[in-house]
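*Asks:* Please read through the structure below; I'll follow up with questions.
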Amino acid sequence: MITYIIRRLLASVVLLFVVSVMTFSIFYVVPRIAGGTPETLATRYVGRSATAATVHLTAQRLGFYDPMTVQYANWAKGIVVGADYDYGAGIERCPAPCLGYSFITKQPVWPDLLDRAPVTFSLAIGASIIWLVAGVSTGVLSALRRGSFFDRGTMGVALAGVSLPIFFTGLVSLAFFSYSLGWTAPGGQFVPFTESPAQWAYSLILPWITLSFLFSAQYARLTRAGMLETMHEDYIRTARAKGLRERNVVIQHGLRAALTPILTIFGLDVGLLLGGAILTEKTFSLNGLGKYAVDGINTQDMPKIMGVTLFAAFFIVMANLIVDLMYAVVDPRVRTL
Amino acid sequence: MAAAGVALALGLTACSGGTSTKNTAGGSSAGGKDAFNAALTTVFNPSDKKGGIVKMADESAPDSLDPGDTYYGYQWDLIRIYGRALTMFKPAPGKAGLELTADLAETLGVPSDGGKTWTYKLRKGVKFEDGTPIKAADVKYGVLRSTDKATFPDGPTYFSDMLNLPKGYKSPYKSKGMNTDSAISTPDDSTIVFHLKSPFAGFDYLAQLPPTIPVPEAKDTGANYKAHVISSGPYMFASYAADKSYTLKRNPNWDQATDPNRKALPDGYDVQLKVNAEYIDNRLISGDLDVAIVGTGLTAASQSKVLSDPALKARTDNPTNARLNYVSVNPTVKPLDNIECRKAVQYAMDRTSYQTAYGGAFSGGDIATTILPPMVPGYQKFDLYPAGADNKGDPTKAKEALAKCGQPSGFATNIAYRNERPKEKATAEAFQQALAKVGIKLTLKGYAKADYFSSYAGNPPFVKANNLGLALNSWGADWPDGFGFLSQIVDSRVIRETGGATNTSVRIPEVDAMLDQAVSELDVTKRNALWGQIDKRVMEDASIYPGVYAKALLMRGKNLTNVFVNQSFGYYDYLAMGKP
């Protein structure tokens, strides 16, 4: 088992390396292949009517004249041992893990990520609890009452939930619940949990519900399908024949079996969200990791994009790892694979 | 689906916005009578009552809060609450807003040596937020550090270009101990003298730029200074989070007696960054937000809603900005090297379709026939290529010009625009349709905004090789003055073969000479007349097709007092407003 974990951890490190090389290539190498010069890249990071000298100095400061491999190596080195940065008035140390400096704000990326992570984590955790509870319970009830009015109704809503993009449901719910009724915060306001748990929940309740609406719908449909399948298994019939109460049959025998694939997907979804719920954050103007990434893309601020990508990849890889380890616990055959 | 979502969301907010507006419209909580354009040339809701926090939101983020590193107009407007430059535009409505007045200095600059030397005396008793008196050396340091383009790449380059800096001088950081008196001397603590390489008559305009805001050398942290700028104005920073938000509170060491221009009404400012534009509009409508700081106005979706609701429309102003949206007509591309072919373009285009493509009269702007917008001193009204009574173009004249050009049946060329700007694409299409009527066949070429000037439409070899006869362009003045407006778009010497300049089409040696003449003309009336002449000369060359003088539909915050548009910026004066 330990060998298995070590092997998986090593594979995760390799995966992160590959992700970083690919991201780096997309944002640094491709523009160069397309004919960009260090100067044309640098013109994005200077003011208007900047002189050629300013552009040259900026290209120099951002290291655009170095060979690609050196640029990557410098960036990767910063993660491990930190980097020094010239602020003009003096040199400052960016301690490890230094994910680089934003070309636009000229601030290190890592503190920004840490600053924004609580927003994304709060959003992901709150929403995931809601959608897991709402989605699974709806799915179970629908499966048990297959063909009923409840089943058709909830599956119709679920279909809408899956189909409607978050920027639609988000804007509509903001318009209705916040601007019109004034029940919820108008977005853009995040209060840390440590400051006031009540305000924290108040500021996030609408984004949670909006985000979980999309996921609950998926989970409800998945749970329903899984439950329909398991409830027709022989062992369910046996359980019923043993005289077990229906509640025990459903929860202990039916749901437990149906839940395994749900939990696998749940792990991946939460991992994905921890890297930034881009549309939700953008719609509700929440300063989370997803919005940070979008801002980085809009302003071609490559270190920001690299930072968030790696951060997000880390969580997805971790979620994958946890799911794999859980498999290993559940199914011993996996350990030998 | 997205469009439907937005429409529905906006429809829903229209209910709430409309209702809540009615509650306070007319004799609103702040006491002003709402009316369309009420703050355009007069002060809306005047009051001297202090208190309150002005809440602002920015759909993007400023390049920097550092006075030495910002080139954003709205930041130059706001920076006056925490920084005092030597001079400033009067915080006043109407034409008065275009006049310069002394700020940190006692009077406007005193020129000598034919405009090559400029002397300013500092006001007595002005202090930094920590109580340290402000000296001439602090202003000098502020200007010199801004010339370090490796550390501050975003700010304007006028000072590094014009000051007579010693050879080999880089910046106060890299050239420590080097004597810089040849560029700026400080004979005593309250006198600062600027020495230029060549005369520059409009130096008082440069003196209002943020780099003349004093910076205490001991507190300077280079590129990090933006996170804790030391205030010389009535407000100082209480918090700063890059790309997220910042707040300002009162500066206890600011003294009203030293400052005739500022009332300092609010108790503080709260600025949120990178907020959704639609979200900003909705909060502005509901009264939850006071100022959309960028000043580009309501989004297209909000405009239709606001303009159709009289109560909401009454809270808006529709100023014209010192910005021209135009098209470069490149004489380096054949057959546009022939002036008659360029004239054919001028005559053939339907001006109303340009205006419509830019968003119509409210947000697109007024039809332009000159390069200088009307509020820029020196503007003269003229129209060299009349487009008929309906402004839809003059095909007869266009065909005549084509015949003279030797292309009686028209010609083919390309038109460049920025992919990210739908209005530019719509304008390019409008050109395509209008010019097709006289046989000029245009092919649309979209390029990435980020590299538009460096690699494509501003790169002369690329323009020539790819037949970019026409290229969509847009220019806003650094300040509303002939030099601020014209120097970057009609001076052929700013064109760089490596790309990056806004000007690519205007290459007239006579205009370059006229610019030099105007720059050294100390008589304001004569100088302004020259700007008008330059405008006319370039229009005669037909190498710029002026499209529209940009306009924006701005909305006043519900609870604000002392609101007015400062013409020098083209949006609300952020220094004067209050929120009791």
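Each chain in the structure tokens gets a letter, A, B, ..., in the order shown, and its residues are numbered from 1; ligands are numbered from 1 in order too.
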Using only C-alpha atoms, determine which residues lie at most 6 Å from segment 485-498 of chain B, disregarding the query and same-chain residues fewer than 5 positions distant; provide the list as a PDB file with C-alpha atoms, in the first residue's frame.
*Replies:*
```pdb
ATOM      1  CA  PRO B 460       4.655  50.263 -41.249  1.00  0.00           C
ATOM      2  CA  ALA B 477      -5.832  63.348 -25.547  1.00  0.00           C
ATOM      3  CA  ASN B 503       0.285  57.296 -36.112  1.00  0.00           C
ATOM      4  CA  THR B 504       1.047  55.422 -39.312  1.00  0.00           C
ATOM      5  CA  VAL B 506       0.209  61.122 -41.424  1.00  0.00           C
ATOM      6  CA  ARG B 507       3.635  61.827 -42.951  1.00  0.00           C
ATOM      7  CA  ASP B 512       6.022  68.405 -38.279  1.00  0.00           C
TER       8      ASP B 512
END
```
*Asks:* Counting only C-alpha atoms, what is within 8 Å of Gly131 of chain B, bar same-chain residues fewer than 3 positions away, as a ChimeraX atom specification?
*Replies:* /B:127-128,253
*Asks:* Could you pull out the residues in segment 69-227 of chain B that DSSP calls strand (DSSP E) from the backbone, as a PDB file with N, CA and C atoms, in the first residue's frame?
*Replies:*
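Okay, states-v8.pdb is ready:
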```pdb
ATOM      1  N   THR B  87       0.495  71.827 -10.776  1.00  0.00           N
ATOM      2  CA  THR B  87      -0.689  72.527 -11.273  1.00  0.00           C
ATOM      3  C   THR B  87      -1.817  71.513 -11.423  1.00  0.00           C
ATOM      4  N   MET B  88      -3.011  72.003 -11.730  1.00  0.00           N
ATOM      5  CA  MET B  88      -4.135  71.090 -11.938  1.00  0.00           C
ATOM      6  C   MET B  88      -5.193  71.774 -12.801  1.00  0.00           C
ATOM      7  N   PHE B  89      -6.088  70.955 -13.378  1.00  0.00           N
ATOM      8  CA  PHE B  89      -7.242  71.526 -14.052  1.00  0.00           C
ATOM      9  C   PHE B  89      -8.228  71.939 -12.966  1.00  0.00           C
ATOM     10  N   LEU B 100      -6.082  75.683 -16.457  1.00  0.00           N
ATOM     11  CA  LEU B 100      -5.120  75.228 -15.461  1.00  0.00           C
ATOM     12  C   LEU B 100      -5.062  76.212 -14.305  1.00  0.00           C
ATOM     13  N   THR B 101      -4.780  75.685 -13.131  1.00  0.00           N
ATOM     14  CA  THR B 101      -4.600  76.540 -11.969  1.00  0.00           C
ATOM     15  C   THR B 101      -3.477  75.945 -11.121  1.00  0.00           C
ATOM     16  N   ALA B 102      -2.906  76.750 -10.246  1.00  0.00           N
ATOM     17  CA  ALA B 102      -1.803  76.252  -9.420  1.00  0.00           C
ATOM     18  C   ALA B 102      -2.347  75.341  -8.331  1.00  0.00           C
ATOM     19  N   VAL B 110       6.503  80.051 -14.324  1.00  0.00           N
ATOM     20  CA  VAL B 110       7.042  81.273 -14.929  1.00  0.00           C
ATOM     21  C   VAL B 110       8.099  80.848 -15.942  1.00  0.00           C
ATOM     22  N   PRO B 111       7.828  81.086 -17.263  1.00  0.00           N
ATOM     23  CA  PRO B 111       8.805  80.648 -18.254  1.00  0.00           C
ATOM     24  C   PRO B 111       9.940  81.663 -18.408  1.00  0.00           C
ATOM     25  N   SER B 112      11.086  81.185 -18.772  1.00  0.00           N
ATOM     26  CA  SER B 112      12.188  82.070 -19.151  1.00  0.00           C
ATOM     27  C   SER B 112      12.967  81.347 -20.240  1.00  0.00           C
ATOM     28  N   THR B 117      12.984  77.152 -19.803  1.00  0.00           N
ATOM     29  CA  THR B 117      13.123  77.023 -18.352  1.00  0.00           C
ATOM     30  C   THR B 117      11.804  77.408 -17.695  1.00  0.00           C
ATOM     31  N   TRP B 118      11.387  76.609 -16.746  1.00  0.00           N
ATOM     32  CA  TRP B 118      10.113  76.866 -16.071  1.00  0.00           C
ATOM     33  C   TRP B 118      10.315  76.813 -14.562  1.00  0.00           C
ATOM     34  N   THR B 119       9.855  77.885 -13.882  1.00  0.00           N
ATOM     35  CA  THR B 119      10.079  77.989 -12.438  1.00  0.00           C
ATOM     36  C   THR B 119       8.748  77.976 -11.686  1.00  0.00           C
ATOM     37  N   TYR B 120       8.712  77.212 -10.611  1.00  0.00           N
ATOM     38  CA  TYR B 120       7.524  77.144  -9.755  1.00  0.00           C
ATOM     39  C   TYR B 120       7.933  77.369  -8.306  1.00  0.00           C
ATOM     40  N   LYS B 121       7.098  78.123  -7.604  1.00  0.00           N
ATOM     41  CA  LYS B 121       7.286  78.338  -6.154  1.00  0.00           C
ATOM     42  C   LYS B 121       6.243  77.491  -5.430  1.00  0.00           C
ATOM     43  N   ILE B 184      16.610  69.516 -13.440  1.00  0.00           N
ATOM     44  CA  ILE B 184      15.748  70.137 -12.431  1.00  0.00           C
ATOM     45  C   ILE B 184      16.641  70.674 -11.319  1.00  0.00           C
ATOM     46  N   SER B 185      16.495  71.946 -11.017  1.00  0.00           N
ATOM     47  CA  SER B 185      17.277  72.484  -9.905  1.00  0.00           C
ATOM     48  C   SER B 185      16.321  72.987  -8.829  1.00  0.00           C
ATOM     49  N   THR B 186      16.775  72.952  -7.597  1.00  0.00           N
ATOM     50  CA  THR B 186      15.973  73.414  -6.466  1.00  0.00           C
ATOM     51  C   THR B 186      16.816  74.399  -5.668  1.00  0.00           C
ATOM     52  N   PRO B 187      16.822  75.678  -6.076  1.00  0.00           N
ATOM     53  CA  PRO B 187      17.662  76.673  -5.415  1.00  0.00           C
ATOM     54  C   PRO B 187      17.358  76.778  -3.917  1.00  0.00           C
ATOM     55  N   ASP B 188      16.109  76.609  -3.540  1.00  0.00           N
ATOM     56  CA  ASP B 188      15.770  76.547  -2.110  1.00  0.00           C
ATOM     57  C   ASP B 188      14.623  75.559  -1.942  1.00  0.00           C
ATOM     58  N   THR B 191      11.474  76.320  -4.132  1.00  0.00           N
ATOM     59  CA  THR B 191      11.575  76.691  -5.548  1.00  0.00           C
ATOM     60  C   THR B 191      12.067  75.505  -6.371  1.00  0.00           C
ATOM     61  N   ILE B 192      11.374  75.246  -7.454  1.00  0.00           N
ATOM     62  CA  ILE B 192      11.808  74.168  -8.347  1.00  0.00           C
ATOM     63  C   ILE B 192      11.859  74.719  -9.772  1.00  0.00           C
ATOM     64  N   VAL B 193      12.985  74.436 -10.454  1.00  0.00           N
ATOM     65  CA  VAL B 193      13.183  74.972 -11.801  1.00  0.00           C
ATOM     66  C   VAL B 193      13.419  73.810 -12.770  1.00  0.00           C
ATOM     67  N   PHE B 194      12.602  73.751 -13.810  1.00  0.00           N
ATOM     68  CA  PHE B 194      12.745  72.700 -14.824  1.00  0.00           C
ATOM     69  C   PHE B 194      13.517  73.253 -16.014  1.00  0.00           C
ATOM     70  N   HIS B 195      14.528  72.511 -16.451  1.00  0.00           N
ATOM     71  CA  HIS B 195      15.319  72.923 -17.608  1.00  0.00           C
ATOM     72  C   HIS B 195      15.079  71.921 -18.723  1.00  0.00           C
TER      73      HIS B 195
END
```
*Asks:* Using only C-alpha atoms, which residues sit within 12 Å of Gln199 of chain A once same-chain residues fewer than 6 positions away are excluded, as a VMD selection string?
*Replies:* chain A and resid 184 to 185 189 to 193 205
*Asks:* Store the residues picked out above, limited to N, CA and C atoms, as an mmCIF file, in the first residue's frame.
*Replies:*
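Saved file part-v7.cif follows:
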```cif
data_model
loop_
_atom_site.group_PDB
_atom_site.id
_atom_site.type_symbol
_atom_site.label_atom_id
_atom_site.label_comp_id
_atom_site.auth_asym_id
_atom_site.auth_seq_id
_atom_site.Cartn_x
_atom_site.Cartn_y
_atom_site.Cartn_z
ATOM 1 N N THR A 184 -30.779 38.824 -0.533
ATOM 2 C CA THR A 184 -29.393 38.356 -0.455
ATOM 3 C C THR A 184 -28.416 39.470 -0.794
ATOM 4 N N ALA A 185 -27.147 39.213 -0.480
ATOM 5 C CA ALA A 185 -26.110 40.205 -0.768
ATOM 6 C C ALA A 185 -25.998 40.388 -2.283
ATOM 7 N N GLN A 189 -19.231 40.771 -2.492
ATOM 8 C CA GLN A 189 -18.857 40.988 -1.098
ATOM 9 C C GLN A 189 -18.538 39.655 -0.458
ATOM 10 N N PHE A 190 -17.327 39.516 -0.007
ATOM 11 C CA PHE A 190 -16.964 38.281 0.674
ATOM 12 C C PHE A 190 -16.493 38.621 2.070
ATOM 13 N N VAL A 191 -17.113 37.990 3.049
ATOM 14 C CA VAL A 191 -16.691 38.177 4.436
ATOM 15 C C VAL A 191 -16.068 36.857 4.889
ATOM 16 N N PRO A 192 -14.814 36.858 5.346
ATOM 17 C CA PRO A 192 -14.188 35.597 5.749
ATOM 18 C C PRO A 192 -14.960 34.919 6.883
ATOM 19 N N PHE A 193 -14.929 33.605 6.868
ATOM 20 C CA PHE A 193 -15.634 32.816 7.884
ATOM 21 C C PHE A 193 -15.167 33.196 9.282
ATOM 22 N N ILE A 205 -24.540 32.846 -0.020
ATOM 23 C CA ILE A 205 -25.679 31.946 -0.178
ATOM 24 C C ILE A 205 -26.185 31.895 -1.629
#
```
*Asks:* Which value, in Å to one decimal, gives the distance between atom CA of Met555 of chain B and atom CA of Tyr279 of chain B?
*Replies:*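 Spanning atom CA of Met555 of chain B to atom CA of Tyr279 of chain B is a straight-line distance of 13.8 Å.
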*Asks:* Write out as a PyMOL selection string every residue belonging to chain A that has an atom at most 7 Å from any atom of chain B, counting only C-alpha atoms.
*Replies:* chain A and resi 40+44+46-47+49-50+54+57-58+61+87-89+105-106+168+171-172+175-176+179-180+282+285+287
*Asks:* So that I have them on file, write out the residues from the current selection with N, CA and C atoms, as a tab-separated table (two decimals), in the first residue's frame.
*Replies:*
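out.tsv was written with the following content:
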```
chain	number	residue	atom	x	y	z
A	40	THR	N	7.65	42.83	-29.07
A	40	THR	CA	6.20	42.86	-29.28
A	40	THR	C	5.47	42.28	-28.07
A	44	ARG	N	2.83	44.84	-24.45
A	44	ARG	CA	1.58	44.65	-23.70
A	44	ARG	C	1.70	45.16	-22.27
A	46	VAL	N	3.51	47.90	-21.15
A	46	VAL	CA	3.96	49.27	-20.97
A	46	VAL	C	2.78	50.19	-21.25
A	47	GLY	N	2.90	51.43	-20.85
A	47	GLY	CA	1.84	52.40	-21.07
A	47	GLY	C	1.75	52.78	-22.52
A	49	SER	N	1.96	55.01	-25.87
A	49	SER	CA	3.03	55.84	-26.42
A	49	SER	C	4.35	55.68	-25.67
A	50	ALA	N	4.61	54.46	-25.21
A	50	ALA	CA	5.90	54.18	-24.61
A	50	ALA	C	6.96	54.18	-25.71
A	54	THR	N	11.72	52.13	-23.60
A	54	THR	CA	10.90	51.60	-22.50
A	54	THR	C	10.52	50.15	-22.78
A	57	LEU	N	13.52	47.95	-22.23
A	57	LEU	CA	13.81	47.75	-20.80
A	57	LEU	C	12.83	46.78	-20.17
A	58	THR	N	11.57	46.90	-20.58
A	58	THR	CA	10.55	46.02	-20.02
A	58	THR	C	10.80	44.57	-20.46
A	61	ARG	N	13.54	43.34	-18.37
A	61	ARG	CA	13.16	43.10	-16.98
A	61	ARG	C	12.34	41.82	-16.86
A	87	TYR	N	13.03	45.89	-7.63
A	87	TYR	CA	11.92	46.83	-7.57
A	87	TYR	C	12.35	48.24	-7.95
A	88	GLY	N	13.54	48.37	-8.43
A	88	GLY	CA	14.05	49.70	-8.76
A	88	GLY	C	14.75	50.27	-7.55
A	89	ALA	N	13.97	50.51	-6.49
A	89	ALA	CA	14.54	51.10	-5.28
A	89	ALA	C	15.33	50.07	-4.49
A	105	THR	N	0.77	43.83	-12.28
A	105	THR	CA	0.78	44.47	-10.96
A	105	THR	C	2.17	44.51	-10.35
A	106	LYS	N	3.09	43.78	-10.93
A	106	LYS	CA	4.46	43.68	-10.42
A	106	LYS	C	4.48	43.22	-8.96
A	168	PHE	N	-26.42	32.63	-16.69
A	168	PHE	CA	-27.85	32.91	-16.83
A	168	PHE	C	-28.53	32.84	-15.47
A	171	LEU	N	-27.22	35.60	-13.07
A	171	LEU	CA	-27.71	36.97	-13.29
A	171	LEU	C	-29.18	37.09	-12.93
A	172	VAL	N	-29.95	36.06	-13.30
A	172	VAL	CA	-31.38	36.12	-13.00
A	172	VAL	C	-31.60	36.09	-11.49
A	175	ALA	N	-30.64	39.39	-10.02
A	175	ALA	CA	-31.63	40.41	-10.33
A	175	ALA	C	-32.86	40.26	-9.44
A	176	PHE	N	-33.26	39.02	-9.25
A	176	PHE	CA	-34.50	38.78	-8.52
A	176	PHE	C	-34.31	38.84	-7.00
A	179	TYR	N	-31.34	42.38	-6.22
A	179	TYR	CA	-31.73	43.75	-6.59
A	179	TYR	C	-33.21	44.00	-6.36
A	180	SER	N	-34.04	42.98	-6.65
A	180	SER	CA	-35.48	43.21	-6.58
A	180	SER	C	-36.01	43.00	-5.16
A	282	LYS	N	-17.02	35.15	-11.63
A	282	LYS	CA	-17.13	36.31	-12.52
A	282	LYS	C	-18.54	36.91	-12.40
A	285	SER	N	-18.93	38.60	-9.12
A	285	SER	CA	-17.82	39.49	-8.81
A	285	SER	C	-17.10	39.08	-7.52
A	287	ASN	N	-13.84	37.74	-5.72
A	287	ASN	CA	-12.41	37.73	-6.02
A	287	ASN	C	-11.76	36.41	-5.65
```
